[in-house]
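Reproduced below: my_file_26.cif, with mmCIF, N, CA and C atoms.
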```
data_model
#
loop_
_atom_site.label_atom_id
_atom_site.label_comp_id
_atom_site.auth_asym_id
_atom_site.auth_seq_id
_atom_site.Cartn_x
_atom_site.Cartn_y
_atom_site.Cartn_z
N MET A 202 56.95 289.30 202.44
CA MET A 202 58.09 288.77 203.18
C MET A 202 59.07 289.92 203.38
N ASN A 203 59.58 290.01 204.61
CA ASN A 203 60.55 291.07 204.88
C ASN A 203 61.97 290.54 204.73
N TRP A 204 62.97 291.43 204.88
CA TRP A 204 64.37 291.07 204.67
C TRP A 204 64.86 290.02 205.66
N GLY A 205 64.42 290.07 206.87
CA GLY A 205 64.86 289.12 207.89
C GLY A 205 64.48 287.69 207.53
N LYS A 206 63.24 287.51 207.09
CA LYS A 206 62.79 286.16 206.69
C LYS A 206 63.54 285.67 205.45
N ALA A 207 63.81 286.56 204.51
CA ALA A 207 64.53 286.17 203.29
C ALA A 207 65.96 285.74 203.61
N ILE A 208 66.61 286.43 204.53
CA ILE A 208 67.99 286.06 204.90
C ILE A 208 68.00 284.71 205.61
N VAL A 209 67.08 284.52 206.55
CA VAL A 209 67.00 283.24 207.26
C VAL A 209 66.68 282.11 206.28
N LEU A 210 65.77 282.33 205.37
CA LEU A 210 65.40 281.31 204.39
C LEU A 210 66.60 280.95 203.50
N SER A 211 67.38 281.97 203.05
CA SER A 211 68.56 281.66 202.24
C SER A 211 69.60 280.89 203.03
N PHE A 212 69.78 281.19 204.31
CA PHE A 212 70.71 280.41 205.13
C PHE A 212 70.24 278.96 205.27
N VAL A 213 68.97 278.76 205.49
CA VAL A 213 68.42 277.41 205.63
C VAL A 213 68.60 276.63 204.33
N ILE A 214 68.34 277.25 203.20
CA ILE A 214 68.53 276.58 201.90
C ILE A 214 70.00 276.25 201.68
N PHE A 215 70.88 277.19 202.03
CA PHE A 215 72.33 276.95 201.87
C PHE A 215 72.80 275.79 202.76
N ILE A 216 72.36 275.76 204.00
CA ILE A 216 72.74 274.69 204.93
C ILE A 216 72.19 273.35 204.44
N ALA A 217 70.97 273.34 203.93
CA ALA A 217 70.40 272.09 203.39
C ALA A 217 71.20 271.61 202.18
N PHE A 218 71.63 272.54 201.33
CA PHE A 218 72.46 272.18 200.18
C PHE A 218 73.79 271.58 200.63
N ILE A 219 74.44 272.21 201.57
CA ILE A 219 75.74 271.71 202.07
C ILE A 219 75.56 270.35 202.72
N MET A 220 74.56 270.15 203.51
CA MET A 220 74.32 268.86 204.17
C MET A 220 74.03 267.77 203.12
N THR A 221 73.29 268.11 202.08
CA THR A 221 73.03 267.15 201.01
C THR A 221 74.33 266.74 200.32
N MET A 222 75.20 267.70 200.06
CA MET A 222 76.48 267.40 199.42
C MET A 222 77.36 266.53 200.33
N VAL A 223 77.37 266.79 201.62
CA VAL A 223 78.16 265.99 202.56
C VAL A 223 77.67 264.55 202.57
N VAL A 224 76.37 264.35 202.62
CA VAL A 224 75.80 263.00 202.62
C VAL A 224 76.15 262.29 201.32
N MET A 225 76.05 262.97 200.19
CA MET A 225 76.37 262.36 198.89
C MET A 225 77.85 261.99 198.82
N MET A 226 78.73 262.83 199.37
CA MET A 226 80.17 262.54 199.31
C MET A 226 80.51 261.32 200.16
N TYR A 227 79.86 261.14 201.29
CA TYR A 227 80.14 259.98 202.12
C TYR A 227 79.63 258.68 201.50
N GLN A 228 78.65 258.76 200.62
CA GLN A 228 78.13 257.57 199.96
C GLN A 228 78.90 257.19 198.71
N GLU A 229 79.79 258.06 198.22
CA GLU A 229 80.57 257.79 197.01
C GLU A 229 81.62 256.72 197.28
N ASN A 230 81.73 255.75 196.37
CA ASN A 230 82.73 254.69 196.48
C ASN A 230 84.06 255.19 195.95
N ILE A 231 85.10 255.13 196.78
CA ILE A 231 86.43 255.59 196.37
C ILE A 231 87.37 254.40 196.45
N ASP A 232 87.87 253.98 195.28
CA ASP A 232 88.81 252.87 195.21
C ASP A 232 90.19 253.42 194.88
N LEU A 233 91.18 252.99 195.64
CA LEU A 233 92.56 253.36 195.34
C LEU A 233 93.08 252.47 194.23
N VAL A 234 94.00 252.99 193.43
CA VAL A 234 94.61 252.17 192.38
C VAL A 234 95.37 251.03 193.02
N ALA A 235 96.05 251.33 194.12
CA ALA A 235 96.80 250.30 194.85
C ALA A 235 96.74 250.62 196.34
N ASP A 236 96.58 249.59 197.14
CA ASP A 236 96.54 249.80 198.58
C ASP A 236 97.92 250.13 199.15
N ASP A 237 98.96 249.66 198.48
CA ASP A 237 100.32 249.88 198.96
C ASP A 237 101.01 250.97 198.14
N TYR A 238 100.31 252.07 197.89
CA TYR A 238 100.85 253.12 197.03
C TYR A 238 102.10 253.77 197.60
N TYR A 239 102.25 253.82 198.91
CA TYR A 239 103.43 254.44 199.51
C TYR A 239 104.68 253.61 199.23
N VAL A 240 104.58 252.30 199.36
CA VAL A 240 105.71 251.41 199.06
C VAL A 240 106.06 251.50 197.57
N GLN A 241 105.05 251.57 196.73
CA GLN A 241 105.30 251.69 195.29
C GLN A 241 106.01 253.00 194.97
N GLU A 242 105.68 254.07 195.66
CA GLU A 242 106.34 255.35 195.43
C GLU A 242 107.81 255.30 195.82
N LEU A 243 108.12 254.57 196.88
CA LEU A 243 109.51 254.44 197.30
C LEU A 243 110.34 253.65 196.29
N GLU A 244 109.70 252.76 195.55
CA GLU A 244 110.39 251.94 194.56
C GLU A 244 110.30 252.54 193.15
N TYR A 245 110.00 253.81 193.05
CA TYR A 245 109.77 254.44 191.75
C TYR A 245 111.03 254.43 190.87
N GLN A 246 112.21 254.62 191.45
CA GLN A 246 113.43 254.61 190.66
C GLN A 246 113.64 253.26 189.98
N ASN A 247 113.27 252.18 190.66
CA ASN A 247 113.36 250.85 190.03
C ASN A 247 112.44 250.76 188.81
N GLN A 248 111.27 251.38 188.89
CA GLN A 248 110.35 251.37 187.76
C GLN A 248 110.94 252.12 186.58
N ILE A 249 111.62 253.23 186.85
CA ILE A 249 112.25 254.00 185.78
C ILE A 249 113.31 253.16 185.08
N VAL A 250 114.11 252.43 185.84
CA VAL A 250 115.15 251.56 185.26
C VAL A 250 114.50 250.48 184.39
N LYS A 251 113.41 249.89 184.86
CA LYS A 251 112.73 248.85 184.09
C LYS A 251 112.17 249.39 182.78
N GLN A 252 111.62 250.61 182.81
CA GLN A 252 111.10 251.22 181.60
C GLN A 252 112.23 251.55 180.63
N GLU A 253 113.37 252.00 181.15
CA GLU A 253 114.52 252.29 180.29
C GLU A 253 115.04 251.01 179.63
N ASN A 254 115.01 249.89 180.36
CA ASN A 254 115.41 248.60 179.77
C ASN A 254 114.50 248.25 178.59
N LEU A 255 113.21 248.49 178.74
CA LEU A 255 112.28 248.19 177.65
C LEU A 255 112.47 249.15 176.49
N ASN A 256 112.76 250.42 176.78
CA ASN A 256 112.98 251.40 175.71
C ASN A 256 114.25 251.07 174.90
N ALA A 257 115.20 250.37 175.52
CA ALA A 257 116.44 250.01 174.83
C ALA A 257 116.24 248.86 173.84
N VAL A 258 115.11 248.17 173.95
CA VAL A 258 114.82 247.05 173.05
C VAL A 258 114.40 247.60 171.69
N VAL A 259 114.92 246.97 170.62
CA VAL A 259 114.52 247.36 169.27
C VAL A 259 113.11 246.82 169.03
N GLY A 260 112.22 247.68 168.67
CA GLY A 260 110.82 247.29 168.51
C GLY A 260 110.05 247.61 169.78
N LYS A 261 108.77 247.72 169.66
CA LYS A 261 107.92 248.09 170.78
C LYS A 261 106.82 247.06 171.00
N ILE A 262 106.31 247.03 172.20
CA ILE A 262 105.16 246.18 172.52
C ILE A 262 103.92 246.82 171.89
N ASP A 263 103.08 246.00 171.29
CA ASP A 263 101.87 246.49 170.63
C ASP A 263 100.67 245.73 171.18
N ILE A 264 99.64 246.47 171.56
CA ILE A 264 98.40 245.85 172.04
C ILE A 264 97.32 246.10 171.01
N SER A 265 96.71 245.02 170.53
CA SER A 265 95.61 245.12 169.57
C SER A 265 94.50 244.19 170.03
N ARG A 266 93.34 244.32 169.38
CA ARG A 266 92.23 243.46 169.79
C ARG A 266 91.30 243.21 168.63
N ASN A 267 90.55 242.13 168.77
CA ASN A 267 89.46 241.85 167.85
C ASN A 267 88.23 241.57 168.71
N MET A 268 87.22 240.96 168.17
CA MET A 268 85.98 240.74 168.92
C MET A 268 86.14 239.75 170.07
N GLU A 269 87.11 238.83 169.98
CA GLU A 269 87.23 237.79 170.99
C GLU A 269 88.43 237.94 171.92
N PHE A 270 89.53 238.52 171.43
CA PHE A 270 90.76 238.54 172.21
C PHE A 270 91.45 239.90 172.16
N ILE A 271 92.26 240.13 173.19
CA ILE A 271 93.22 241.22 173.20
C ILE A 271 94.57 240.56 172.98
N PHE A 272 95.32 241.07 172.00
CA PHE A 272 96.62 240.49 171.67
C PHE A 272 97.73 241.44 172.12
N ILE A 273 98.69 240.89 172.84
CA ILE A 273 99.88 241.65 173.23
C ILE A 273 101.03 241.09 172.41
N ASN A 274 101.56 241.90 171.51
CA ASN A 274 102.64 241.49 170.62
C ASN A 274 103.97 242.00 171.16
N PHE A 275 104.88 241.09 171.43
CA PHE A 275 106.19 241.44 171.94
C PHE A 275 107.17 241.61 170.78
N PRO A 276 108.15 242.51 170.92
CA PRO A 276 109.13 242.70 169.84
C PRO A 276 109.96 241.45 169.60
N LYS A 277 110.46 241.31 168.37
CA LYS A 277 111.23 240.12 167.98
C LYS A 277 112.46 239.92 168.87
N GLU A 278 113.04 241.00 169.34
CA GLU A 278 114.22 240.89 170.20
C GLU A 278 113.92 240.13 171.49
N LEU A 279 112.66 240.15 171.93
CA LEU A 279 112.29 239.46 173.17
C LEU A 279 111.71 238.07 172.92
N HIS A 280 111.50 237.67 171.67
CA HIS A 280 110.91 236.35 171.37
C HIS A 280 111.78 235.22 171.91
N ASP A 281 113.08 235.33 171.73
CA ASP A 281 113.97 234.23 172.10
C ASP A 281 114.27 234.17 173.59
N LYS A 282 113.98 235.23 174.30
CA LYS A 282 114.25 235.26 175.74
C LYS A 282 113.07 234.65 176.48
N ALA A 283 113.37 233.82 177.44
CA ALA A 283 112.29 233.23 178.25
C ALA A 283 111.79 234.30 179.20
N LEU A 284 110.60 234.83 178.93
CA LEU A 284 110.04 235.91 179.74
C LEU A 284 109.12 235.35 180.80
N SER A 285 109.21 235.90 181.99
CA SER A 285 108.30 235.54 183.07
C SER A 285 107.81 236.81 183.73
N GLY A 286 106.59 236.81 184.15
CA GLY A 286 106.03 237.99 184.79
C GLY A 286 104.52 237.96 184.72
N ALA A 287 103.91 239.13 184.79
CA ALA A 287 102.45 239.21 184.81
C ALA A 287 101.96 240.45 184.09
N VAL A 288 100.73 240.35 183.61
CA VAL A 288 100.02 241.47 183.02
C VAL A 288 98.87 241.79 183.97
N THR A 289 98.75 243.05 184.36
CA THR A 289 97.70 243.46 185.28
C THR A 289 96.82 244.49 184.60
N PHE A 290 95.52 244.29 184.70
CA PHE A 290 94.54 245.22 184.16
C PHE A 290 93.86 245.93 185.33
N TYR A 291 93.98 247.27 185.33
CA TYR A 291 93.38 248.10 186.38
C TYR A 291 92.18 248.84 185.81
N ARG A 292 91.09 248.80 186.54
CA ARG A 292 89.90 249.56 186.18
C ARG A 292 89.71 250.60 187.28
N ALA A 293 90.03 251.85 186.99
CA ALA A 293 90.00 252.91 188.00
C ALA A 293 88.60 253.13 188.58
N SER A 294 87.57 252.93 187.77
CA SER A 294 86.22 253.20 188.23
C SER A 294 85.64 252.07 189.07
N GLU A 295 86.25 250.88 189.03
CA GLU A 295 85.71 249.74 189.78
C GLU A 295 86.82 248.73 190.08
N ALA A 296 87.36 248.81 191.28
CA ALA A 296 88.51 247.98 191.66
C ALA A 296 88.19 246.49 191.66
N ALA A 297 86.93 246.13 191.80
CA ALA A 297 86.55 244.72 191.82
C ALA A 297 86.81 244.04 190.48
N LEU A 298 86.94 244.82 189.41
CA LEU A 298 87.18 244.24 188.08
C LEU A 298 88.67 244.05 187.78
N ASP A 299 89.55 244.58 188.61
CA ASP A 299 90.99 244.43 188.39
C ASP A 299 91.37 242.95 188.39
N PHE A 300 92.29 242.58 187.50
CA PHE A 300 92.79 241.21 187.50
C PHE A 300 94.20 241.18 186.95
N SER A 301 94.88 240.09 187.25
CA SER A 301 96.25 239.89 186.81
C SER A 301 96.37 238.51 186.19
N GLN A 302 97.23 238.39 185.18
CA GLN A 302 97.41 237.11 184.50
C GLN A 302 98.89 236.92 184.21
N ASP A 303 99.38 235.71 184.43
CA ASP A 303 100.78 235.40 184.14
C ASP A 303 101.03 235.49 182.64
N LEU A 304 102.27 235.85 182.29
CA LEU A 304 102.64 235.89 180.87
C LEU A 304 102.61 234.50 180.28
N GLU A 305 101.92 234.34 179.17
CA GLU A 305 101.86 233.09 178.41
C GLU A 305 102.04 233.47 176.95
N ILE A 306 103.29 233.50 176.51
CA ILE A 306 103.62 233.97 175.18
C ILE A 306 103.85 232.79 174.25
N ASP A 307 103.24 232.82 173.06
CA ASP A 307 103.43 231.73 172.11
C ASP A 307 104.73 231.91 171.33
N GLN A 308 105.01 231.01 170.40
CA GLN A 308 106.28 231.04 169.65
C GLN A 308 106.40 232.27 168.77
N ASN A 309 105.30 232.94 168.46
CA ASN A 309 105.33 234.15 167.64
C ASN A 309 105.47 235.43 168.47
N GLY A 310 105.59 235.27 169.79
CA GLY A 310 105.72 236.43 170.66
C GLY A 310 104.42 237.15 170.92
N VAL A 311 103.32 236.39 170.92
CA VAL A 311 101.99 236.98 171.11
C VAL A 311 101.33 236.35 172.32
N MET A 312 100.69 237.18 173.13
CA MET A 312 99.88 236.70 174.26
C MET A 312 98.44 237.09 173.97
N ALA A 313 97.51 236.16 174.12
CA ALA A 313 96.09 236.42 173.86
C ALA A 313 95.32 236.36 175.17
N ILE A 314 94.50 237.38 175.40
CA ILE A 314 93.67 237.45 176.60
C ILE A 314 92.22 237.58 176.14
N PRO A 315 91.32 236.73 176.64
CA PRO A 315 89.91 236.80 176.21
C PRO A 315 89.27 238.15 176.55
N ASN A 316 88.52 238.69 175.61
CA ASN A 316 87.81 239.96 175.80
C ASN A 316 86.73 239.88 176.87
N LYS A 317 86.21 238.68 177.13
CA LYS A 317 85.08 238.54 178.05
C LYS A 317 85.46 238.95 179.48
N LYS A 318 86.75 239.02 179.79
CA LYS A 318 87.19 239.45 181.12
C LYS A 318 87.09 240.97 181.30
N LEU A 319 86.96 241.70 180.20
CA LEU A 319 87.02 243.15 180.24
C LEU A 319 85.69 243.79 179.89
N LYS A 320 85.15 244.57 180.81
CA LYS A 320 83.94 245.33 180.52
C LYS A 320 84.33 246.58 179.73
N PRO A 321 83.42 247.12 178.95
CA PRO A 321 83.73 248.33 178.19
C PRO A 321 84.11 249.49 179.12
N GLY A 322 85.09 250.26 178.69
CA GLY A 322 85.54 251.42 179.46
C GLY A 322 87.05 251.58 179.38
N LYS A 323 87.58 252.37 180.30
CA LYS A 323 89.01 252.68 180.32
C LYS A 323 89.73 251.71 181.25
N TRP A 324 90.80 251.12 180.73
CA TRP A 324 91.63 250.19 181.49
C TRP A 324 93.08 250.65 181.44
N LYS A 325 93.80 250.42 182.50
CA LYS A 325 95.24 250.65 182.52
C LYS A 325 95.92 249.28 182.53
N VAL A 326 96.78 249.07 181.56
CA VAL A 326 97.50 247.80 181.43
C VAL A 326 98.91 248.01 181.94
N LYS A 327 99.34 247.14 182.85
CA LYS A 327 100.70 247.20 183.39
C LYS A 327 101.31 245.82 183.25
N MET A 328 102.44 245.76 182.54
CA MET A 328 103.17 244.50 182.40
C MET A 328 104.51 244.65 183.08
N GLU A 329 104.77 243.78 184.01
CA GLU A 329 106.05 243.74 184.70
C GLU A 329 106.60 242.34 184.49
N PHE A 330 107.75 242.26 183.81
CA PHE A 330 108.30 240.95 183.47
C PHE A 330 109.82 241.03 183.43
N GLN A 331 110.44 239.87 183.36
CA GLN A 331 111.89 239.82 183.23
C GLN A 331 112.29 238.66 182.32
N SER A 332 113.47 238.82 181.74
CA SER A 332 114.00 237.78 180.86
C SER A 332 114.75 236.75 181.69
N ALA A 333 115.15 235.66 181.04
CA ALA A 333 115.86 234.59 181.75
C ALA A 333 117.19 235.06 182.32
N ASP A 334 117.80 236.08 181.69
CA ASP A 334 119.07 236.60 182.21
C ASP A 334 118.87 237.57 183.38
N GLY A 335 117.62 237.82 183.78
CA GLY A 335 117.33 238.65 184.94
C GLY A 335 117.08 240.11 184.64
N THR A 336 117.05 240.50 183.37
CA THR A 336 116.80 241.90 183.01
C THR A 336 115.32 242.21 183.24
N PRO A 337 115.00 243.18 184.10
CA PRO A 337 113.60 243.50 184.37
C PRO A 337 113.05 244.52 183.36
N TYR A 338 111.76 244.40 183.06
CA TYR A 338 111.09 245.30 182.12
C TYR A 338 109.75 245.74 182.73
N LEU A 339 109.31 246.93 182.31
CA LEU A 339 108.02 247.46 182.76
C LEU A 339 107.37 248.19 181.60
N TYR A 340 106.07 247.93 181.40
CA TYR A 340 105.33 248.55 180.31
C TYR A 340 103.96 249.00 180.82
N HIS A 341 103.56 250.22 180.46
CA HIS A 341 102.25 250.77 180.81
C HIS A 341 101.54 251.21 179.54
N GLU A 342 100.24 251.02 179.52
CA GLU A 342 99.42 251.57 178.42
C GLU A 342 98.00 251.72 178.90
N THR A 343 97.30 252.72 178.38
CA THR A 343 95.89 252.90 178.64
C THR A 343 95.12 252.31 177.47
N LEU A 344 94.11 251.53 177.79
CA LEU A 344 93.35 250.81 176.77
C LEU A 344 91.87 251.14 176.94
N PHE A 345 91.21 251.44 175.83
CA PHE A 345 89.77 251.72 175.84
C PHE A 345 89.05 250.57 175.14
N ILE A 346 88.13 249.97 175.85
CA ILE A 346 87.34 248.85 175.32
C ILE A 346 85.95 249.37 174.97
#
```
Rewrite the structure from the file as structure tokens, please.
Amino acid sequence: MNWGKAIVLSFVIFIAFIMTMVVMMYQENIDLVADDYYVQELEYQNQIVKQENLNAVVGKIDISRNMEFIFINFPKELHDKALSGAVTFYRASEAALDFSQDLEIDQNGVMAIPNKKLKPGKWKVKMEFQSADGTPYLYHETLFI
């Protein structure tokens, strides 16, 4: 084989490699965390205020789990306040698994969510809620199942 054939062959192999990568990239499923990410970015200062409100509370939110449930424990300072809002679970690798659930807190300040809703992997938990007096709160945590 002479130099001319070797150069042409390397170009053909390189072009085949690039075309294979292009085809593979077009077949990859890309899910956005949120479809309205631009609107959420504009409201970012509101999120900071909500997080600061939660940081001002004595005690912290704690997420624990056992074989059947995920428990969200609210601080004692928030037990007496009538909280309303939602807990959202985001799965970055598969948007079809994302779900949201209204806050349902018992008298001990605990919310239980069945484990069967969550496949093993990395989840982002976002809780956005407010007390009866209108104080908004926001909480984020990454959870590994």
Considering only C-alpha atoms, return as a PyMOL selection string whatever protein or nucleic-acid residues lie within 12 Å of region 304-308 of chain A, sequence-local ones (same chain, fewer than 4 positions apart) excluded.
chain A and resi 272-277+279-289+312-314+327-332
If DSSP is run on the backbone, what residues of region 203-346 of chain A are helix (DSSP H, G or I)? A reply as an MDAnalysis selection string would be ideal.
chainID A and resid 204:228 238:243 245:256 277:280 296:298 316:318
So, with only C-alpha atoms as the atoms that count, which of A:Ser301, A:Gln246, A:Asn316, A:Gln228 lies closest to Met268 (chain A)?
A:Asn316
Please write as number ranges by chain the full residue list that the PyMOL selection byres ((chain A and resi 326) around 6) yields on this file.
A: 289-291, 324-325, 327-328, 340-344
Go through the shown structure with the PyMOL selection byres ((chain A and resi 321) around 6.5) and write out the matching residues as a PyMOL selection string.
chain A and resi 319-320+322-323+345-346
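When all atoms listed in the file are used to compute distances to Glu278 (chain A), the closest of the residues A:Ile208, A:Val258, A:Val223, A:Ile214 turns out to be A:Val258.
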Check chain A with DSSP on the backbone and list each residue it calls strand (DSSP E or B), as a tab-separated table (two decimals) with N, CA and C atoms, keeping the file's coordinate frame.
```
chain	number	residue	atom	x	y	z
A	263	ASP	N	103.08	246.00	171.29
A	263	ASP	CA	101.87	246.49	170.63
A	263	ASP	C	100.67	245.73	171.18
A	264	ILE	N	99.64	246.47	171.56
A	264	ILE	CA	98.40	245.85	172.04
A	264	ILE	C	97.32	246.10	171.01
A	265	SER	N	96.71	245.02	170.53
A	265	SER	CA	95.61	245.12	169.57
A	265	SER	C	94.50	244.19	170.03
A	266	ARG	N	93.34	244.32	169.38
A	266	ARG	CA	92.23	243.46	169.79
A	266	ARG	C	91.30	243.21	168.63
A	270	PHE	N	89.53	238.52	171.43
A	270	PHE	CA	90.76	238.54	172.21
A	270	PHE	C	91.45	239.90	172.16
A	271	ILE	N	92.26	240.13	173.19
A	271	ILE	CA	93.22	241.22	173.20
A	271	ILE	C	94.57	240.56	172.98
A	272	PHE	N	95.32	241.07	172.00
A	272	PHE	CA	96.62	240.49	171.67
A	272	PHE	C	97.73	241.44	172.12
A	273	ILE	N	98.69	240.89	172.84
A	273	ILE	CA	99.88	241.65	173.23
A	273	ILE	C	101.03	241.09	172.41
A	274	ASN	N	101.56	241.90	171.51
A	274	ASN	CA	102.64	241.49	170.62
A	274	ASN	C	103.97	242.00	171.16
A	285	SER	N	109.21	235.90	181.99
A	285	SER	CA	108.30	235.54	183.07
A	285	SER	C	107.81	236.81	183.73
A	286	GLY	N	106.59	236.81	184.15
A	286	GLY	CA	106.03	237.99	184.79
A	286	GLY	C	104.52	237.96	184.72
A	287	ALA	N	103.91	239.13	184.79
A	287	ALA	CA	102.45	239.21	184.81
A	287	ALA	C	101.96	240.45	184.09
A	288	VAL	N	100.73	240.35	183.61
A	288	VAL	CA	100.02	241.47	183.02
A	288	VAL	C	98.87	241.79	183.97
A	289	THR	N	98.75	243.05	184.36
A	289	THR	CA	97.70	243.46	185.28
A	289	THR	C	96.82	244.49	184.60
A	290	PHE	N	95.52	244.29	184.70
A	290	PHE	CA	94.54	245.22	184.16
A	290	PHE	C	93.86	245.93	185.33
A	291	TYR	N	93.98	247.27	185.33
A	291	TYR	CA	93.38	248.10	186.38
A	291	TYR	C	92.18	248.84	185.81
A	300	PHE	N	92.29	242.58	187.50
A	300	PHE	CA	92.79	241.21	187.50
A	300	PHE	C	94.20	241.18	186.95
A	301	SER	N	94.88	240.09	187.25
A	301	SER	CA	96.25	239.89	186.81
A	301	SER	C	96.37	238.51	186.19
A	302	GLN	N	97.23	238.39	185.18
A	302	GLN	CA	97.41	237.11	184.50
A	302	GLN	C	98.89	236.92	184.21
A	303	ASP	N	99.38	235.71	184.43
A	303	ASP	CA	100.78	235.40	184.14
A	303	ASP	C	101.03	235.49	182.64
A	311	VAL	N	103.32	236.39	170.92
A	311	VAL	CA	101.99	236.98	171.11
A	311	VAL	C	101.33	236.35	172.32
A	312	MET	N	100.69	237.18	173.13
A	312	MET	CA	99.88	236.70	174.26
A	312	MET	C	98.44	237.09	173.97
A	313	ALA	N	97.51	236.16	174.12
A	313	ALA	CA	96.09	236.42	173.86
A	313	ALA	C	95.32	236.36	175.17
A	314	ILE	N	94.50	237.38	175.40
A	314	ILE	CA	93.67	237.45	176.60
A	314	ILE	C	92.22	237.58	176.14
A	315	PRO	N	91.32	236.73	176.64
A	315	PRO	CA	89.91	236.80	176.21
A	315	PRO	C	89.27	238.15	176.55
A	323	LYS	N	87.58	252.37	180.30
A	323	LYS	CA	89.01	252.68	180.32
A	323	LYS	C	89.73	251.71	181.25
A	324	TRP	N	90.80	251.12	180.73
A	324	TRP	CA	91.63	250.19	181.49
A	324	TRP	C	93.08	250.65	181.44
A	325	LYS	N	93.80	250.42	182.50
A	325	LYS	CA	95.24	250.65	182.52
A	325	LYS	C	95.92	249.28	182.53
A	326	VAL	N	96.78	249.07	181.56
A	326	VAL	CA	97.50	247.80	181.43
A	326	VAL	C	98.91	248.01	181.94
A	327	LYS	N	99.34	247.14	182.85
A	327	LYS	CA	100.70	247.20	183.39
A	327	LYS	C	101.31	245.82	183.25
A	328	MET	N	102.44	245.76	182.54
A	328	MET	CA	103.17	244.50	182.40
A	328	MET	C	104.51	244.65	183.08
A	329	GLU	N	104.77	243.78	184.01
A	329	GLU	CA	106.05	243.74	184.70
A	329	GLU	C	106.60	242.34	184.49
A	330	PHE	N	107.75	242.26	183.81
A	330	PHE	CA	108.30	240.95	183.47
A	330	PHE	C	109.82	241.03	183.43
A	331	GLN	N	110.44	239.87	183.36
A	331	GLN	CA	111.89	239.82	183.23
A	331	GLN	C	112.29	238.66	182.32
A	337	PRO	N	115.00	243.18	184.10
A	337	PRO	CA	113.60	243.50	184.37
A	337	PRO	C	113.05	244.52	183.36
A	338	TYR	N	111.76	244.40	183.06
A	338	TYR	CA	111.09	245.30	182.12
A	338	TYR	C	109.75	245.74	182.73
A	339	LEU	N	109.31	246.93	182.31
A	339	LEU	CA	108.02	247.46	182.76
A	339	LEU	C	107.37	248.19	181.60
A	340	TYR	N	106.07	247.93	181.40
A	340	TYR	CA	105.33	248.55	180.31
A	340	TYR	C	103.96	249.00	180.82
A	341	HIS	N	103.56	250.22	180.46
A	341	HIS	CA	102.25	250.77	180.81
A	341	HIS	C	101.54	251.21	179.54
A	342	GLU	N	100.24	251.02	179.52
A	342	GLU	CA	99.42	251.57	178.42
A	342	GLU	C	98.00	251.72	178.90
A	343	THR	N	97.30	252.72	178.38
A	343	THR	CA	95.89	252.90	178.64
A	343	THR	C	95.12	252.31	177.47
A	344	LEU	N	94.11	251.53	177.79
A	344	LEU	CA	93.35	250.81	176.77
A	344	LEU	C	91.87	251.14	176.94
A	345	PHE	N	91.21	251.44	175.83
A	345	PHE	CA	89.77	251.72	175.84
A	345	PHE	C	89.05	250.57	175.14
```
For atom N of Val224 (chain A) and atom N of Asp237 (chain A), determine how far apart the two atoms are, in Å to one decimal place.
27.3 Å
Could you tell me how far CA of Ser265 (chain A) sits from atom C of Tyr338 (chain A), in Å to one decimal place?
19.3 Å
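For the choices A:Val311, A:Val213, A:Ala207, A:Leu339, the atom-to-atom distance to Phe270 (chain A) is smallest for A:Val311 when using only C-alpha atoms.
Considering the residues A:Gly205, A:Gly335, A:Pro315, A:Gly310 and counting only C-alpha atoms, Ile271 (chain A) has its shortest atom-to-atom contact with A:Pro315.
The two atoms in question, atom N of Tyr245 (chain A) and atom N of Pro337 (chain A), are spaced 14.8 Å apart.
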